[in-house]
$ cat target-v1.tsv   # TSV, C-alpha atoms
chain	number	residue	atom	x	y	z
A	1	MET	CA	19.86	-37.42	-2.78
A	2	ALA	CA	16.64	-36.13	-4.29
A	3	ARG	CA	14.31	-38.78	-5.60
A	4	TRP	CA	13.07	-38.20	-9.13
A	5	GLU	CA	9.37	-37.32	-9.11
A	6	PRO	CA	7.47	-37.60	-12.40
A	7	ASN	CA	5.87	-34.30	-13.48
A	8	ALA	CA	6.74	-32.69	-10.16
A	9	ARG	CA	6.65	-29.19	-11.64
A	10	ASP	CA	3.22	-29.61	-13.24
A	11	ARG	CA	1.81	-31.28	-10.15
A	12	LEU	CA	3.04	-28.45	-7.92
A	13	GLN	CA	1.70	-25.82	-10.29
A	14	GLN	CA	-1.74	-27.45	-10.46
A	15	ALA	CA	-1.89	-27.96	-6.69
A	16	ALA	CA	-0.92	-24.31	-6.12
A	17	LEU	CA	-3.52	-22.98	-8.57
A	18	ASP	CA	-6.25	-25.14	-7.03
A	19	LEU	CA	-5.39	-23.97	-3.52
A	20	TYR	CA	-5.04	-20.29	-4.53
A	21	GLY	CA	-8.51	-20.59	-6.05
A	22	GLU	CA	-10.07	-22.43	-3.10
A	23	ARG	CA	-8.51	-20.59	-0.16
A	24	GLY	CA	-7.09	-17.44	-1.68
A	25	PHE	CA	-3.47	-16.76	-2.58
A	26	GLU	CA	-2.51	-15.19	0.78
A	27	GLN	CA	-4.03	-18.00	2.82
A	28	THR	CA	-2.17	-20.78	1.03
A	29	THR	CA	1.20	-21.98	2.33
A	30	VAL	CA	3.98	-23.72	0.42
A	31	ALA	CA	3.62	-26.66	2.84
A	32	GLU	CA	-0.01	-27.07	1.78
A	33	ILE	CA	0.88	-26.88	-1.91
A	34	ALA	CA	3.55	-29.55	-1.52
A	35	LYS	CA	1.21	-31.79	0.49
A	36	ARG	CA	-1.61	-31.47	-2.08
A	37	ALA	CA	0.87	-32.41	-4.82
A	38	GLY	CA	2.16	-35.37	-2.77
A	39	LEU	CA	5.64	-33.82	-2.69
A	40	THR	CA	7.90	-32.05	-0.20
A	41	GLU	CA	8.45	-28.32	0.39
A	42	ARG	CA	12.02	-28.92	-0.62
A	43	THR	CA	10.83	-30.12	-4.01
A	44	PHE	CA	8.62	-27.02	-4.36
A	45	PHE	CA	11.63	-24.77	-3.86
A	46	ARG	CA	13.60	-26.73	-6.44
A	47	TYR	CA	11.12	-25.45	-9.05
A	48	PHE	CA	9.79	-22.16	-7.68
A	49	ALA	CA	11.41	-19.38	-5.66
A	50	ASP	CA	8.16	-18.49	-3.89
A	51	LYS	CA	4.36	-18.60	-4.14
A	52	PRO	CA	3.96	-15.90	-6.83
A	53	GLU	CA	6.61	-17.59	-8.99
A	54	VAL	CA	4.08	-20.36	-9.72
A	55	LEU	CA	2.00	-17.74	-11.57
A	56	PHE	CA	4.83	-15.84	-13.26
A	57	SER	CA	7.43	-18.46	-14.15
A	58	GLY	CA	6.44	-18.29	-17.82
A	59	ALA	CA	7.08	-14.54	-18.18
A	60	GLY	CA	10.76	-14.81	-19.12
A	61	ALA	CA	10.13	-17.41	-21.84
A	62	LEU	CA	7.22	-15.38	-23.23
A	63	GLN	CA	9.39	-12.27	-23.43
A	64	GLU	CA	12.26	-14.13	-25.11
A	65	PHE	CA	9.83	-15.65	-27.63
A	66	LEU	CA	8.32	-12.26	-28.50
A	67	VAL	CA	11.65	-10.46	-28.73
A	68	THR	CA	13.06	-13.17	-31.01
A	69	LEU	CA	10.08	-12.95	-33.35
A	70	VAL	CA	10.38	-9.16	-33.50
A	71	ALA	CA	14.09	-9.49	-34.24
A	72	GLU	CA	13.53	-12.01	-37.04
A	73	ALA	CA	10.59	-10.32	-38.79
A	74	PRO	CA	11.14	-9.31	-42.43
A	75	ASP	CA	12.36	-5.75	-43.03
A	76	SER	CA	9.42	-5.03	-45.27
A	77	ALA	CA	6.81	-5.43	-42.50
A	78	ALA	CA	5.33	-2.38	-40.73
A	79	PRO	CA	6.38	-2.22	-37.05
A	80	ILE	CA	2.83	-2.56	-35.67
A	81	ASP	CA	2.29	-5.66	-37.83
A	82	ILE	CA	5.61	-7.13	-36.67
A	83	VAL	CA	4.49	-6.76	-33.05
A	84	ALA	CA	0.94	-7.97	-33.72
A	85	SER	CA	2.24	-11.06	-35.58
A	86	ALA	CA	4.61	-11.88	-32.74
A	87	LEU	CA	1.74	-11.59	-30.24
A	88	GLU	CA	-0.53	-13.74	-32.44
A	89	ALA	CA	2.19	-16.39	-32.49
A	90	THR	CA	1.83	-16.80	-28.71
A	91	ALA	CA	-1.74	-18.06	-29.19
A	92	GLY	CA	-0.66	-21.69	-29.65
A	93	PHE	CA	1.16	-21.58	-26.33
A	94	PHE	CA	-1.88	-20.21	-24.51
A	95	HIS	CA	-4.36	-22.53	-26.27
A	96	GLU	CA	-2.56	-25.53	-24.81
A	97	ARG	CA	-2.89	-23.99	-21.35
A	98	ARG	CA	-6.37	-22.52	-21.49
A	99	GLU	CA	-7.58	-24.01	-18.21
A	100	PHE	CA	-4.35	-22.94	-16.49
A	101	ALA	CA	-4.67	-19.42	-17.94
A	102	ALA	CA	-8.27	-19.06	-16.72
A	103	GLN	CA	-7.47	-20.30	-13.21
A	104	ARG	CA	-4.38	-18.09	-13.08
A	105	GLN	CA	-6.34	-15.00	-14.16
A	106	ALA	CA	-8.99	-15.54	-11.47
A	107	VAL	CA	-6.27	-15.75	-8.79
A	108	ILE	CA	-4.56	-12.61	-10.09
A	109	ASP	CA	-7.81	-10.65	-10.35
A	110	ALA	CA	-8.54	-11.42	-6.70
A	111	ASN	CA	-5.23	-10.09	-5.30
A	112	ALA	CA	-3.92	-6.52	-5.54
A	113	ASP	CA	-0.22	-7.50	-5.24
A	114	LEU	CA	-0.57	-10.04	-8.03
A	115	ARG	CA	-2.41	-7.55	-10.24
A	116	GLU	CA	0.54	-5.19	-9.72
A	117	ARG	CA	3.00	-7.89	-10.64
A	118	GLU	CA	0.99	-8.65	-13.79
A	119	LEU	CA	1.12	-4.94	-14.74
A	120	ILE	CA	4.87	-4.94	-14.22
A	121	LYS	CA	5.20	-8.02	-16.39
A	122	LEU	CA	3.30	-6.32	-19.21
A	123	ALA	CA	5.27	-3.07	-18.85
A	124	THR	CA	8.53	-5.05	-18.94
A	125	LEU	CA	7.33	-6.86	-22.07
A	126	ALA	CA	6.47	-3.52	-23.74
A	127	SER	CA	9.86	-2.16	-22.86
A	128	ALA	CA	11.72	-5.24	-24.21
A	129	ILE	CA	9.75	-5.05	-27.47
A	130	ALA	CA	10.48	-1.30	-27.79
A	131	ASP	CA	14.21	-2.03	-27.31
A	132	GLN	CA	14.12	-4.62	-30.06
A	133	LEU	CA	12.25	-2.26	-32.40
A	134	ARG	CA	14.94	0.39	-31.77
A	135	ARG	CA	17.56	-2.23	-32.63
A	136	ARG	CA	15.74	-2.64	-35.94
A	137	GLY	CA	16.28	1.07	-36.58
A	138	ILE	CA	12.82	2.30	-35.57
A	139	ARG	CA	13.13	5.58	-33.74
A	140	ASP	CA	11.27	7.00	-30.82
A	141	PRO	CA	8.50	7.87	-30.18
A	142	ALA	CA	7.39	5.32	-32.83
A	143	ALA	CA	9.23	2.40	-31.19
A	144	SER	CA	7.77	3.00	-27.72
A	145	LEU	CA	4.28	3.72	-29.04
A	146	THR	CA	4.26	0.62	-31.26
A	147	ALA	CA	5.29	-1.57	-28.33
A	148	GLU	CA	2.80	0.03	-25.91
A	149	ALA	CA	0.02	-0.19	-28.50
A	150	GLY	CA	0.88	-3.85	-29.14
A	151	ILE	CA	0.70	-4.70	-25.45
A	152	ALA	CA	-2.63	-2.83	-25.12
A	153	VAL	CA	-3.98	-4.85	-28.05
A	154	PHE	CA	-2.78	-8.08	-26.45
A	155	LYS	CA	-4.14	-7.20	-22.99
A	156	VAL	CA	-7.63	-6.45	-24.30
A	157	ALA	CA	-7.68	-9.58	-26.49
A	158	PHE	CA	-6.33	-11.81	-23.72
A	159	GLU	CA	-8.88	-10.56	-21.18
A	160	ARG	CA	-11.66	-11.42	-23.63
A	161	TRP	CA	-10.20	-14.82	-24.44
A	162	VAL	CA	-9.70	-15.81	-20.82
A	163	SER	CA	-13.09	-14.58	-19.57
A	164	GLU	CA	-15.35	-15.71	-22.43
A	165	PRO	CA	-15.36	-19.52	-22.67
A	166	ASP	CA	-16.91	-19.46	-26.15
A	167	GLN	CA	-13.95	-17.45	-27.48
A	168	GLN	CA	-11.62	-20.14	-28.71
A	169	ASP	CA	-9.14	-18.39	-30.94
A	170	LEU	CA	-6.78	-15.95	-29.22
A	171	ALA	CA	-4.99	-15.11	-32.49
A	172	LYS	CA	-8.31	-14.04	-34.01
A	173	LEU	CA	-9.10	-11.90	-30.98
A	174	ILE	CA	-5.67	-10.24	-31.24
A	175	ARG	CA	-6.36	-9.43	-34.90
A	176	GLU	CA	-9.78	-8.04	-33.97
A	177	SER	CA	-8.28	-6.01	-31.15
A	178	LEU	CA	-5.65	-4.58	-33.52
A	179	GLY	CA	-8.42	-3.77	-36.00
A	180	ALA	CA	-10.33	-1.97	-33.24
A	181	LEU	CA	-7.21	0.01	-32.27
A	182	LYS	CA	-6.63	0.99	-35.90
A	183	ALA	CA	-10.27	2.12	-36.12
A	184	VAL	CA	-10.15	4.19	-32.92
A	185	THR	CA	-6.84	5.87	-33.78
A	186	ALA	CA	-8.18	6.65	-37.26
A	187	GLY	CA	-10.91	8.57	-35.41
A	188	ASN	CA	-13.77	6.23	-36.38
B	1	MET	CA	-3.78	22.53	19.47
B	2	ALA	CA	-1.94	22.49	16.15
B	3	ARG	CA	-0.24	25.75	15.24
B	4	TRP	CA	-0.94	27.02	11.72
B	5	GLU	CA	2.17	26.74	9.56
B	6	PRO	CA	2.24	28.73	6.32
B	7	ASN	CA	2.68	26.52	3.22
B	8	ALA	CA	3.34	23.48	5.40
B	9	ARG	CA	2.26	21.08	2.66
B	10	ASP	CA	4.50	22.61	0.00
B	11	ARG	CA	7.44	22.86	2.39
B	12	LEU	CA	7.10	19.19	3.35
B	13	GLN	CA	6.77	18.13	-0.26
B	14	GLN	CA	9.86	20.09	-1.32
B	15	ALA	CA	11.91	18.84	1.66
B	16	ALA	CA	10.88	15.24	0.88
B	17	LEU	CA	11.77	15.52	-2.80
B	18	ASP	CA	15.15	17.08	-1.99
B	19	LEU	CA	15.97	14.33	0.50
B	20	TYR	CA	14.72	11.51	-1.74
B	21	GLY	CA	17.01	12.89	-4.42
B	22	GLU	CA	20.03	13.36	-2.14
B	23	ARG	CA	19.87	10.18	-0.04
B	24	GLY	CA	17.49	7.94	-1.92
B	25	PHE	CA	13.83	7.29	-1.13
B	26	GLU	CA	14.45	4.25	1.10
B	27	GLN	CA	17.11	5.98	3.17
B	28	THR	CA	14.99	9.03	3.99
B	29	THR	CA	12.86	9.06	7.17
B	30	VAL	CA	9.74	11.10	7.86
B	31	ALA	CA	11.59	12.63	10.83
B	32	GLU	CA	14.28	13.94	8.46
B	33	ILE	CA	11.69	15.35	6.06
B	34	ALA	CA	9.90	17.17	8.87
B	35	LYS	CA	13.19	18.51	10.24
B	36	ARG	CA	14.32	19.79	6.84
B	37	ALA	CA	10.98	21.54	6.41
B	38	GLY	CA	11.23	23.02	9.91
B	39	LEU	CA	8.07	21.19	10.95
B	40	THR	CA	7.11	18.20	13.10
B	41	GLU	CA	6.45	14.58	12.11
B	42	ARG	CA	2.92	15.11	13.37
B	43	THR	CA	2.46	17.87	10.80
B	44	PHE	CA	3.82	15.60	8.06
B	45	PHE	CA	1.18	12.98	8.85
B	46	ARG	CA	-1.54	15.63	8.79
B	47	TYR	CA	-0.81	16.03	5.06
B	48	PHE	CA	0.58	12.67	3.91
B	49	ALA	CA	-0.21	9.09	4.94
B	50	ASP	CA	3.37	7.92	4.29
B	51	LYS	CA	6.55	8.62	2.32
B	52	PRO	CA	5.25	7.53	-1.13
B	53	GLU	CA	2.11	9.67	-0.67
B	54	VAL	CA	4.30	12.78	-1.17
B	55	LEU	CA	4.87	11.58	-4.75
B	56	PHE	CA	1.36	10.30	-5.51
B	57	SER	CA	-0.96	12.71	-3.70
B	58	GLY	CA	-1.93	14.36	-7.00
B	59	ALA	CA	-3.13	11.14	-8.67
B	60	GLY	CA	-6.74	11.33	-7.46
B	61	ALA	CA	-7.19	14.93	-8.61
B	62	LEU	CA	-5.59	14.17	-11.99
B	63	GLN	CA	-7.95	11.23	-12.50
B	64	GLU	CA	-11.02	13.28	-11.53
B	65	PHE	CA	-9.96	16.06	-13.87
B	66	LEU	CA	-9.51	13.67	-16.81
B	67	VAL	CA	-12.72	11.76	-16.18
B	68	THR	CA	-14.71	15.02	-15.95
B	69	LEU	CA	-13.30	16.27	-19.26
B	70	VAL	CA	-14.09	12.95	-20.94
B	71	ALA	CA	-17.63	13.10	-19.54
B	72	GLU	CA	-18.19	16.67	-20.76
B	73	ALA	CA	-16.71	16.36	-24.26
B	74	PRO	CA	-19.09	17.04	-27.16
B	75	ASP	CA	-20.87	14.01	-28.64
B	76	SER	CA	-19.50	14.77	-32.08
B	77	ALA	CA	-15.85	14.21	-31.10
B	78	ALA	CA	-14.10	10.91	-31.89
B	79	PRO	CA	-13.25	8.96	-28.69
B	80	ILE	CA	-9.47	9.09	-29.23
B	81	ASP	CA	-9.66	12.87	-29.70
B	82	ILE	CA	-11.77	13.21	-26.55
B	83	VAL	CA	-9.10	11.38	-24.57
B	84	ALA	CA	-6.20	13.20	-26.22
B	85	SER	CA	-7.83	16.61	-25.59
B	86	ALA	CA	-8.38	15.74	-21.94
B	87	LEU	CA	-4.74	14.71	-21.61
B	88	GLU	CA	-3.56	17.89	-23.36
B	89	ALA	CA	-5.60	19.90	-20.87
B	90	THR	CA	-3.40	18.59	-18.05
B	91	ALA	CA	-0.39	20.37	-19.55
B	92	GLY	CA	-1.07	23.63	-17.71
B	93	PHE	CA	-1.06	21.80	-14.40
B	94	PHE	CA	2.29	20.14	-15.15
B	95	HIS	CA	3.87	23.29	-16.61
B	96	GLU	CA	3.39	25.04	-13.28
B	97	ARG	CA	5.18	22.15	-11.57
B	98	ARG	CA	7.93	21.37	-14.01
B	99	GLU	CA	10.74	21.34	-11.46
B	100	PHE	CA	8.65	19.19	-9.12
B	101	ALA	CA	7.78	16.79	-11.97
B	102	ALA	CA	11.45	16.39	-12.97
B	103	GLN	CA	12.62	15.76	-9.39
B	104	ARG	CA	9.71	13.37	-8.79
B	105	GLN	CA	10.49	11.41	-11.97
B	106	ALA	CA	14.15	10.98	-11.00
B	107	VAL	CA	13.14	9.60	-7.59
B	108	ILE	CA	10.63	7.20	-9.15
B	109	ASP	CA	13.06	6.01	-11.83
B	110	ALA	CA	15.57	5.12	-9.10
B	111	ASN	CA	13.22	2.90	-7.07
B	112	ALA	CA	11.51	-0.31	-8.24
B	113	ASP	CA	8.59	-0.05	-5.77
B	114	LEU	CA	7.85	3.50	-6.86
B	115	ARG	CA	8.05	2.52	-10.54
B	116	GLU	CA	5.45	-0.16	-9.78
B	117	ARG	CA	3.21	2.34	-8.04
B	118	GLU	CA	3.51	4.69	-11.02
B	119	LEU	CA	2.47	1.86	-13.36
B	120	ILE	CA	-0.51	1.14	-11.16
B	121	LYS	CA	-1.46	4.81	-11.20
B	122	LEU	CA	-1.39	4.85	-15.01
B	123	ALA	CA	-3.34	1.57	-15.26
B	124	THR	CA	-5.95	2.94	-12.84
B	125	LEU	CA	-6.20	6.11	-14.94
B	126	ALA	CA	-6.69	4.05	-18.12
B	127	SER	CA	-9.36	2.00	-16.44
B	128	ALA	CA	-11.24	5.10	-15.14
B	129	ILE	CA	-11.13	6.66	-18.62
B	130	ALA	CA	-12.40	3.43	-20.21
B	131	ASP	CA	-15.30	3.35	-17.71
B	132	GLN	CA	-16.23	6.91	-18.62
B	133	LEU	CA	-16.06	6.12	-22.35
B	134	ARG	CA	-18.39	3.16	-21.79
B	135	ARG	CA	-20.77	5.51	-19.96
B	136	ARG	CA	-20.76	7.62	-23.15
B	137	GLY	CA	-22.00	4.55	-25.04
B	138	ILE	CA	-18.66	3.47	-26.51
B	139	ARG	CA	-18.46	-0.29	-26.48
B	140	ASP	CA	-15.58	-2.64	-25.86
B	141	PRO	CA	-12.99	-3.33	-27.12
B	142	ALA	CA	-13.02	0.26	-28.49
B	143	ALA	CA	-13.44	1.86	-25.03
B	144	SER	CA	-10.56	-0.06	-23.44
B	145	LEU	CA	-8.27	0.35	-26.43
B	146	THR	CA	-8.95	4.09	-26.69
B	147	ALA	CA	-8.15	4.56	-23.01
B	148	GLU	CA	-5.02	2.36	-23.15
B	149	ALA	CA	-3.84	4.10	-26.32
B	150	GLY	CA	-4.43	7.50	-24.71
B	151	ILE	CA	-2.38	6.59	-21.66
B	152	ALA	CA	0.43	5.21	-23.88
B	153	VAL	CA	0.44	8.50	-25.81
B	154	PHE	CA	0.59	10.46	-22.56
B	155	LYS	CA	3.32	8.27	-21.05
B	156	VAL	CA	5.63	8.65	-24.05
B	157	ALA	CA	4.99	12.42	-24.27
B	158	PHE	CA	5.45	12.95	-20.55
B	159	GLU	CA	8.74	11.01	-20.46
B	160	ARG	CA	10.05	13.23	-23.24
B	161	TRP	CA	8.84	16.41	-21.59
B	162	VAL	CA	10.30	15.56	-18.20
B	163	SER	CA	13.67	14.35	-19.48
B	164	GLU	CA	14.38	16.94	-22.19
B	165	PRO	CA	14.74	20.40	-20.63
B	166	ASP	CA	14.39	22.12	-24.02
B	167	GLN	CA	10.94	20.58	-24.49
B	168	GLN	CA	8.66	23.22	-23.06
B	169	ASP	CA	5.23	22.38	-24.31
B	170	LEU	CA	3.70	19.16	-22.99
B	171	ALA	CA	0.46	19.68	-24.94
B	172	LYS	CA	2.45	19.86	-28.18
B	173	LEU	CA	4.34	16.68	-27.26
B	174	ILE	CA	1.03	14.91	-26.55
B	175	ARG	CA	-0.26	15.94	-29.98
B	176	GLU	CA	2.98	14.73	-31.59
B	177	SER	CA	2.80	11.47	-29.67
B	178	LEU	CA	-0.82	10.95	-30.80
B	179	GLY	CA	0.27	11.71	-34.38
B	180	ALA	CA	3.04	9.11	-34.07
B	181	LEU	CA	0.57	6.53	-32.72
B	182	LYS	CA	-1.82	7.24	-35.59
B	183	ALA	CA	1.06	6.82	-38.03
B	184	VAL	CA	2.25	3.51	-36.52
B	185	THR	CA	-1.23	2.01	-36.34
B	186	ALA	CA	-1.87	3.07	-39.92
B	187	GLY	CA	1.14	0.87	-40.73
B	188	ASN	CA	3.44	3.73	-41.77
$ encode --input "target-v1.tsv" --output "structure tokens"
Amino acid sequence: MARWEPNARDRLQQAALDLYGERGFEQTTVAEIAKRAGLTERTFFRYFADKPEVLFSGAGALQEFLVTLVAEAPDSAAPIDIVASALEATAGFFHERREFAAQRQAVIDANADLRERELIKLATLASAIADQLRRRGIRDPAASLTAEAGIAVFKVAFERWVSEPDQQDLAKLIRESLGALKAVTAGN
Amino acid sequence: MARWEPNARDRLQQAALDLYGERGFEQTTVAEIAKRAGLTERTFFRYFADKPEVLFSGAGALQEFLVTLVAEAPDSAAPIDIVASALEATAGFFHERREFAAQRQAVIDANADLRERELIKLATLASAIADQLRRRGIRDPAASLTAEAGIAVFKVAFERWVSEPDQQDLAKLIRESLGALKAVTAGN
């Protein structure tokens, strides 16, 4: 029977991120991650399907959170503001995990396969948001464009937040990024 | 010495697309493509590095074309209009290859790896356009957001053009898609 290990998931995740950063993602084995965390490989696979999963296990919850907020937004709100508000609401989640987010981004930036997977994650998010906007009665191309624009706004804001240590407030950066998008599409 | 084969590249590309559509991308071999085209495998590899290359060989030229147009646009134009005009200018290229574009899209839609590669192509395009905008003196986040918004506009217009046979004019769809983006970001 498996012994209960306190914080096994967090310990594995931290050990993996540290090793991906030190040795590179490709060069790190699950055995090494488990050893660094003081746990077994078997325990690793109880929490994560594989090495990339350590970096992407939050994607499903993030998508569900965003889709729920889009679904529950008041009818009076403009679609782009519904999406921007939902994205701003993720800031609290990321603020609690700033160090994790920065380490994760460095690992992803250094590996082409992981960058691809990150792109797929964002495209899947855009597509889930567009679906939910259509369920609210917003038609295409507005639904798709609103979702794609929202994800572009988030991507630009998140990159700034994660790469500039003096930028503390992701929600503020998302609002600024939306403001910049509104300015560029207005032709300013 | 290699014998000269008239239109070898086009014949290989058409044979590959037909087979990808009939049997699926994964199930098709280079030997089968060459045979269908009445050519040798050796000839295939003179034109394409591998099976996906048949679908993505135009990406480099498309990117160069767009980046050149962005570089040469008049200083007076607004960044989003520079990008939209460059994208509209690709319409002629795609109009000449409508049947190819439709077959290619169906193959890509049916295969997760190819969908990923298409996403990467679009992200690379956005990033090249953003670089060129920065070279024109446009700062971030405006440069990144303009490029991302432009690619979103193109993606939505292209999907419509390729999937709706009665939609003939890609440039018109790009203008409509840009209009829809401007409307959604204005909060309408």
$ residues_around --input "target-v1.tsv" --residues "range 25-37 of chain B" --least-positions-apart "2" --cutoff "7 Å" --atoms "all atoms listed in the file" --output "VMD selection string"
chain B and resid 11 to 12 15 to 16 19 to 20 23 39 to 41 44 51 107
$ write_last_selection --input "target-v1.tsv" --atoms "C-alpha atoms" --output "PDB file, in the coordinates of the input"
ATOM      1  CA  ARG B  11       7.440  22.860   2.390  1.00  0.00           C
ATOM      2  CA  LEU B  12       7.100  19.190   3.350  1.00  0.00           C
ATOM      3  CA  ALA B  15      11.910  18.840   1.660  1.00  0.00           C
ATOM      4  CA  ALA B  16      10.880  15.240   0.880  1.00  0.00           C
ATOM      5  CA  LEU B  19      15.970  14.330   0.500  1.00  0.00           C
ATOM      6  CA  TYR B  20      14.720  11.510  -1.740  1.00  0.00           C
ATOM      7  CA  ARG B  23      19.870  10.180  -0.040  1.00  0.00           C
ATOM      8  CA  LEU B  39       8.070  21.190  10.950  1.00  0.00           C
ATOM      9  CA  THR B  40       7.110  18.200  13.100  1.00  0.00           C
ATOM     10  CA  GLU B  41       6.450  14.580  12.110  1.00  0.00           C
ATOM     11  CA  PHE B  44       3.820  15.600   8.060  1.00  0.00           C
ATOM     12  CA  LYS B  51       6.550   8.620   2.320  1.00  0.00           C
ATOM     13  CA  VAL B 107      13.140   9.600  -7.590  1.00  0.00           C
TER      14      VAL B 107
END
$ residues_around --input "target-v1.tsv" --residues "Ile108 in chain A" --least-positions-apart "4" --cutoff "12 Å" --atoms "only C-alpha atoms" --output "list in words"
Leu17, Tyr20, Gly21, Gly24, Phe25, Glu26, Pro52, Val54, Leu55, Phe56, Ala101, Ala102, Gln103, Arg104, Ala112, Asp113, Leu114, Arg115, Glu116, Arg117, Glu118 and Leu119 of chain A
$ interface_residues --input "target-v1.tsv" --of "chain A" --to "chain B" --cutoff "7 Å" --atoms "all atoms listed in the file" --output "PyMOL selection string"
chain A and resi 78+80+116+120+141-142+145-146+148-149+152-153+156+177+180-182+184-188
$ atom_distance --input "target-v1.tsv" --atom1 "CA of Ser57 in chain A" --atom2 "CA of Ala71 in chain A"
23.0 Å
$ atom_distance --input "target-v1.tsv" --atom1 "CA of Gln168 in chain B" --atom2 "CA of Ala59 in chain B"
22.2 Å
$ residues_near_point --input "target-v1.tsv" --point "(12.6, -8.3, -21.1)" --cutoff "10 Å" --atoms "all atoms listed in the file" --output "NGL selection string"
:A and (59-64 or 66-67 or 121-132)
$ atom_distance --input "target-v1.tsv" --atom1 "CA of Ser85 in chain B" --atom2 "CA of Phe154 in chain B"
10.9 Å
$ closest_residue --input "target-v1.tsv" --among "A:Gln13, A:Asp50, A:Val83, A:Ala110" --to "Leu69 in chain A" --atoms "all atoms listed in the file"
A:Val83
$ residues_around --input "target-v1.tsv" --residues "Ile82 in chain A" --least-positions-apart "6" --cutoff "9 Å" --atoms "only C-alpha atoms" --output "list in words"
Leu69, Val70, Ala73 and Pro74 of chain A
